[in-house]
Amino acid sequence: MNKQPIVWVFGDHLSPTQPALRQYPNAPALYVWDTAMLARNQLSLKRIAFVYECLLELPVEIQRGHPVDVLSAFAQAHNTNTIVTVDSVSPRFQQHCQRLSEKGFAVERLTPEPFVKIDQDRDLKRASRYWRQIQAVAFTKTESS
Amino acid sequence: MQRAFKTRAELIDYLRDQFPDAAQRDDAISGMRGGRQAGLALLQQIDPKAYGASRNALDGAVSRLSPYIRHGALSLTEVRDYALTLSDNPRADANKFVFELAYRDYFQHVYAKEGVSIWDDLEPYKTGFTAQDYADQLPADILNAATGVTAMDAFIQELYATGYLHNHARMWLAAYVVHWRRIKWQAGARWFLQHLLDGDPASNNLSWQWVASTFSHKPYFFNLDNLHKYSGKQYYDRTGEAGHAIFDASYETLAARLFPNLPPQPKRPQKTTKKGKRRQRPHYHE
Ligand SMILES: Cc1cc2nc3c(=O)[nH]c(=O)nc-3n(C[C@H](O)[C@H](O)[C@H](O)COP(=O)(O)OP(=O)(O)OC[C@H]3O[C@@H](n4cnc5c(N)ncnc54)[C@H](O)[C@@H]3O)c2cc1C
């Protein structure tokens, strides 16, 4: 088995500076067009084109099919069972991660940079309450930038 | 799939060929280009101070960064960090801009908590109607941008052609669909997600729910004064008033018309502006 993981780029993190691509610059990276999702949500061509143009600036291979199947085959072809990606709130993304784990892959989900760091539980009842909670820190620049 | 293209036209031909179903549904391509480079170029142009003063107007200094942020070509954090560098007093000058970025962050956290339930009514409608009173599907006149309501038809065409609408246009169109046409917000939300380049279930569905009142204390609606004020009269002078009579009333009258089952709104004391005009309905999103 290869120590080198593969990187799975999901549609929420299409920047060459995203954590997985930055941390594993030499790992083979893959984006998968989820064909069932495209058909179900009837996405228009202009949305596909926008995403495709984002992908052309990334060091990724582009494939299509069911993400779990395509990723499994890609990982096997690169002789690894480790898949590194950046976390997303998308339920579909979570499902795919779950399925990949069940299939025996080690899925490492890196955390994207938070907008604000706060210690308390977030008050999500209404946006106005959340804003009151975070506004003191929302104007603080991220340490790394 | 292929990665090298000589021109944008060549890429688009390739995509039409590879995604024939999508192309058949709607062949339009936006003038907005994808990619971090295009996003960074737009980021250089933001003006948070002007934004604070003008963001509600269709021709205001909005950033158009949403498609890049939604796909992480730019991160929300780096956009905020850049905005903070543009002023010595960002808490004042970038206040509105950072507030709106925080709105996206808020919706993402709600999505993380609710998951697919963001497709359900998070709360009951506060319109005097129940969900069963709303139609399930969008009718053909809306889908064909042929409602006869000039402003709405213009917004729908813009949505189809560009994949982008100003926030206020989204609010007006959503309110028209849900409250004037009494259609379930879910039908409108699905439709927006097909076309918006920034289409994101969190920001989109939760905004539709906010308009509908299933994620807010009261329904959002507007009147003709509000449409005129923030559309720079472009739907007034240029195209006339076609179909706009349905919006032309006071908020009290419209509420009584749109939500007849609700008790009449208590008459608010008339607030006046400096110019002595009746103030718009106060609203944190106008
Ligand atoms: C019915 C409806 C549907 C919407 N659907 C989406 C959607 O699918 N995706 C989406 O990103 N936004 C959505 N919004 C929110 C908002 O309209 C857009 O984010 C905004 O208009 C994008 O334009 P901009 O980049 O020029 O924003 P600007 O006003 O320049 O704001 C800068 C950034 O802040 C964020 N932002 C601004 N306003 C909002 C807001 N009200 N809610 C959440 N984030 C905000 C966006 O990331 C935006 O790019 C929707 C709003 C409504 C009323």
# chains A, B, ... in the order shown; residues from 1 in each chain; ligands from 1
>>> residues_near_ligand(ligand="ligand 1", cutoff="6 Å", atoms="only C-alpha atoms and all ligand atoms", output="NGL selection string")
:B and (62-66 or 69-70 or 100-101 or 103-104 or 166-167 or 170-171 or 174 or 198-200 or 203-204 or 207-208)
>>> closest_atom_pairs(of="chain B", to="chain A", cutoff="6 Å", atoms="only C-alpha atoms", output="Markdown table")
| residue | atom | partner | partner_atom | distance |
| --- | --- | --- | --- | --- |
| B:Met1 | CA | A:Ile62 | CA | 5.2 |
| B:Ala22 | CA | A:Leu45 | CA | 5.2 |
| B:Ala23 | CA | A:Leu45 | CA | 5.5 |
| B:Asp26 | CA | A:Ser44 | CA | 5.9 |
| B:Ile29 | CA | A:Lys46 | CA | 4.5 |
| B:Ser30 | CA | A:Lys46 | CA | 5.8 |
| B:Gly34 | CA | A:Phe50 | CA | 4.3 |
| B:Gly35 | CA | A:Cys54 | CA | 3.7 |
| B:His71 | CA | A:Asp12 | CA | 4.4 |
| B:Gly72 | CA | A:His13 | CA | 4.1 |
| B:Ala73 | CA | A:Ser15 | CA | 4.4 |
| B:Thr77 | CA | A:Phe115 | CA | 5.2 |
| B:Asp81 | CA | A:Lys141 | CA | 5.2 |
| B:Ala112 | CA | A:Val89 | CA | 5.0 |
| B:Gly115 | CA | A:Pro91 | CA | 5.9 |
| B:Gln194 | CA | A:Leu43 | CA | 4.4 |
| B:His195 | CA | A:Ser44 | CA | 5.8 |
| B:Leu197 | CA | A:Arg47 | CA | 5.2 |
>>> write_last_selection(atoms="N, CA and C atoms", output="PDB file, in the first residue's frame")
ATOM      1  N   MET B   1     -11.857  13.700 -17.684  1.00  0.00           N
ATOM      2  CA  MET B   1     -12.428  14.571 -18.707  1.00  0.00           C
ATOM      3  C   MET B   1     -11.351  15.561 -19.155  1.00  0.00           C
ATOM      4  N   ALA B  22     -28.281  18.814 -19.608  1.00  0.00           N
ATOM      5  CA  ALA B  22     -28.249  20.175 -19.051  1.00  0.00           C
ATOM      6  C   ALA B  22     -28.368  21.192 -20.177  1.00  0.00           C
ATOM      7  N   ALA B  23     -27.660  20.934 -21.273  1.00  0.00           N
ATOM      8  CA  ALA B  23     -27.684  21.884 -22.389  1.00  0.00           C
ATOM      9  C   ALA B  23     -29.079  21.965 -22.998  1.00  0.00           C
ATOM     10  N   ASP B  26     -31.408  24.112 -20.735  1.00  0.00           N
ATOM     11  CA  ASP B  26     -31.134  25.554 -20.736  1.00  0.00           C
ATOM     12  C   ASP B  26     -29.699  25.736 -21.195  1.00  0.00           C
ATOM     13  N   ILE B  29     -25.030  30.472 -21.079  1.00  0.00           N
ATOM     14  CA  ILE B  29     -23.753  30.498 -20.373  1.00  0.00           C
ATOM     15  C   ILE B  29     -23.593  31.905 -19.814  1.00  0.00           C
ATOM     16  N   SER B  30     -23.187  31.990 -18.566  1.00  0.00           N
ATOM     17  CA  SER B  30     -23.074  33.300 -17.941  1.00  0.00           C
ATOM     18  C   SER B  30     -21.834  34.041 -18.422  1.00  0.00           C
ATOM     19  N   GLY B  34     -15.828  31.284 -14.170  1.00  0.00           N
ATOM     20  CA  GLY B  34     -15.432  30.599 -12.952  1.00  0.00           C
ATOM     21  C   GLY B  34     -13.933  30.696 -12.727  1.00  0.00           C
ATOM     22  N   GLY B  35     -13.516  30.349 -11.506  1.00  0.00           N
ATOM     23  CA  GLY B  35     -12.078  30.281 -11.226  1.00  0.00           C
ATOM     24  C   GLY B  35     -11.618  31.291 -10.198  1.00  0.00           C
ATOM     25  N   HIS B  71     -18.366  28.345  -3.973  1.00  0.00           N
ATOM     26  CA  HIS B  71     -17.579  27.185  -4.390  1.00  0.00           C
ATOM     27  C   HIS B  71     -16.184  27.178  -3.790  1.00  0.00           C
ATOM     28  N   GLY B  72     -15.962  28.064  -2.846  1.00  0.00           N
ATOM     29  CA  GLY B  72     -14.670  28.065  -2.156  1.00  0.00           C
ATOM     30  C   GLY B  72     -13.502  28.474  -3.042  1.00  0.00           C
ATOM     31  N   ALA B  73     -13.791  29.092  -4.203  1.00  0.00           N
ATOM     32  CA  ALA B  73     -12.681  29.624  -5.011  1.00  0.00           C
ATOM     33  C   ALA B  73     -12.038  30.770  -4.237  1.00  0.00           C
ATOM     34  N   THR B  77     -13.424  33.745   4.799  1.00  0.00           N
ATOM     35  CA  THR B  77     -12.462  34.353   5.719  1.00  0.00           C
ATOM     36  C   THR B  77     -11.484  35.262   4.972  1.00  0.00           C
ATOM     37  N   ASP B  81     -10.995  39.178   5.556  1.00  0.00           N
ATOM     38  CA  ASP B  81      -9.678  39.697   5.923  1.00  0.00           C
ATOM     39  C   ASP B  81      -9.230  40.795   4.966  1.00  0.00           C
ATOM     40  N   ALA B 112     -25.515  22.820   8.809  1.00  0.00           N
ATOM     41  CA  ALA B 112     -24.785  21.749   9.494  1.00  0.00           C
ATOM     42  C   ALA B 112     -25.674  21.113  10.557  1.00  0.00           C
ATOM     43  N   GLY B 115     -29.254  19.763   8.408  1.00  0.00           N
ATOM     44  CA  GLY B 115     -29.091  18.802   7.311  1.00  0.00           C
ATOM     45  C   GLY B 115     -30.217  18.916   6.304  1.00  0.00           C
ATOM     46  N   GLN B 194     -31.290  25.605  -9.621  1.00  0.00           N
ATOM     47  CA  GLN B 194     -30.934  25.150 -10.970  1.00  0.00           C
ATOM     48  C   GLN B 194     -30.102  26.209 -11.693  1.00  0.00           C
ATOM     49  N   HIS B 195     -30.356  27.465 -11.371  1.00  0.00           N
ATOM     50  CA  HIS B 195     -29.792  28.533 -12.195  1.00  0.00           C
ATOM     51  C   HIS B 195     -28.730  29.394 -11.530  1.00  0.00           C
ATOM     52  N   LEU B 197     -25.512  30.749 -10.061  1.00  0.00           N
ATOM     53  CA  LEU B 197     -24.120  30.280 -10.013  1.00  0.00           C
ATOM     54  C   LEU B 197     -23.677  30.118  -8.565  1.00  0.00           C
TER      55      LEU B 197
END
>>> residues_around(residues="A:Arg99", least_positions_apart="4", cutoff="8 Å", atoms="only C-alpha atoms", output="ChimeraX atom specification")
/A:68,95,103
>>> write_last_selection(atoms="C-alpha atoms", output="PDB file, in the first residue's frame")
ATOM      1  CA  VAL A  68     -17.994   6.715  -4.035  1.00  0.00           C
ATOM      2  CA  GLN A  95     -22.991  10.340   3.114  1.00  0.00           C
ATOM      3  CA  LYS A 103     -15.762   0.333   2.262  1.00  0.00           C
TER       4      LYS A 103
END
>>> residues_around(residues="A:Pro28", least_positions_apart="3", cutoff="10 Å", atoms="only C-alpha atoms", output="JSON, numbers by chain")
{"A": [4, 5, 6, 7, 8, 21, 24, 25, 59, 60, 61, 74, 75, 78]}
>>> closest_residue(among="A:Trp33, A:Gln23, A:Ile118, A:Thr111", to="A:Val70", atoms="only C-alpha atoms")
A:Trp33
>>> select_by_dssp(residues="stretch 65-225 of chain B", states="alpha helix (DSSP H)", output="ChimeraX atom specification")
/B:66-70,76-84,90-93,95-114,140-143,150-162,167-175,185-195,201-212,224-225
>>> atom_distance(atom1="atom CA of B:Leu84", atom2="atom CA of B:Ser54")
18.6 Å
>>> residues_around(residues="B:Ser117", least_positions_apart="4", cutoff="12 Å", atoms="only C-alpha atoms", output="list of chain:residue names")
A:Ser90, A:Pro91, B:Val110, B:Tyr111, B:Ala112, B:Lys113, B:Asp121, B:Leu122, B:Glu123, B:Gln186, B:Pro201, B:Ala202, B:Asn205, B:Leu206, B:Gln209
>>> atom_distance(atom1="atom CA of B:Gly163", atom2="atom CA of B:Asp105")
21.7 Å
>>> residues_around(residues="B:Leu58", least_positions_apart="4", cutoff="8 Å", atoms="only C-alpha atoms", output="list in words")
His166, His168, Ala169, Tyr230, Ser231 and Gly232 of chain B
>>> write_last_selection(atoms="N, CA, C and O atoms", output="PDB file, in the first residue's frame")
ATOM      1  N   HIS B 166     -29.336  40.277  -7.992  1.00  0.00           N
ATOM      2  CA  HIS B 166     -29.100  41.097  -6.808  1.00  0.00           C
ATOM      3  C   HIS B 166     -29.980  40.577  -5.662  1.00  0.00           C
ATOM      4  O   HIS B 166     -31.086  40.096  -5.891  1.00  0.00           O
ATOM      5  N   HIS B 168     -31.848  42.038  -3.569  1.00  0.00           N
ATOM      6  CA  HIS B 168     -33.198  42.611  -3.490  1.00  0.00           C
ATOM      7  C   HIS B 168     -34.115  41.995  -4.548  1.00  0.00           C
ATOM      8  O   HIS B 168     -35.289  41.729  -4.293  1.00  0.00           O
ATOM      9  N   ALA B 169     -33.565  41.745  -5.738  1.00  0.00           N
ATOM     10  CA  ALA B 169     -34.365  41.113  -6.788  1.00  0.00           C
ATOM     11  C   ALA B 169     -34.771  39.698  -6.350  1.00  0.00           C
ATOM     12  O   ALA B 169     -35.889  39.248  -6.612  1.00  0.00           O
ATOM     13  N   TYR B 230     -35.627  51.139  -4.852  1.00  0.00           N
ATOM     14  CA  TYR B 230     -34.366  50.399  -4.925  1.00  0.00           C
ATOM     15  C   TYR B 230     -34.033  49.881  -6.323  1.00  0.00           C
ATOM     16  O   TYR B 230     -32.956  49.345  -6.535  1.00  0.00           O
ATOM     17  N   SER B 231     -34.964  50.026  -7.253  1.00  0.00           N
ATOM     18  CA  SER B 231     -34.613  49.595  -8.608  1.00  0.00           C
ATOM     19  C   SER B 231     -34.240  50.797  -9.461  1.00  0.00           C
ATOM     20  O   SER B 231     -34.152  50.694 -10.684  1.00  0.00           O
ATOM     21  N   GLY B 232     -34.011  51.937  -8.812  1.00  0.00           N
ATOM     22  CA  GLY B 232     -33.608  53.116  -9.563  1.00  0.00           C
ATOM     23  C   GLY B 232     -34.648  53.467 -10.618  1.00  0.00           C
ATOM     24  O   GLY B 232     -34.318  53.980 -11.668  1.00  0.00           O
TER      25      GLY B 232
END
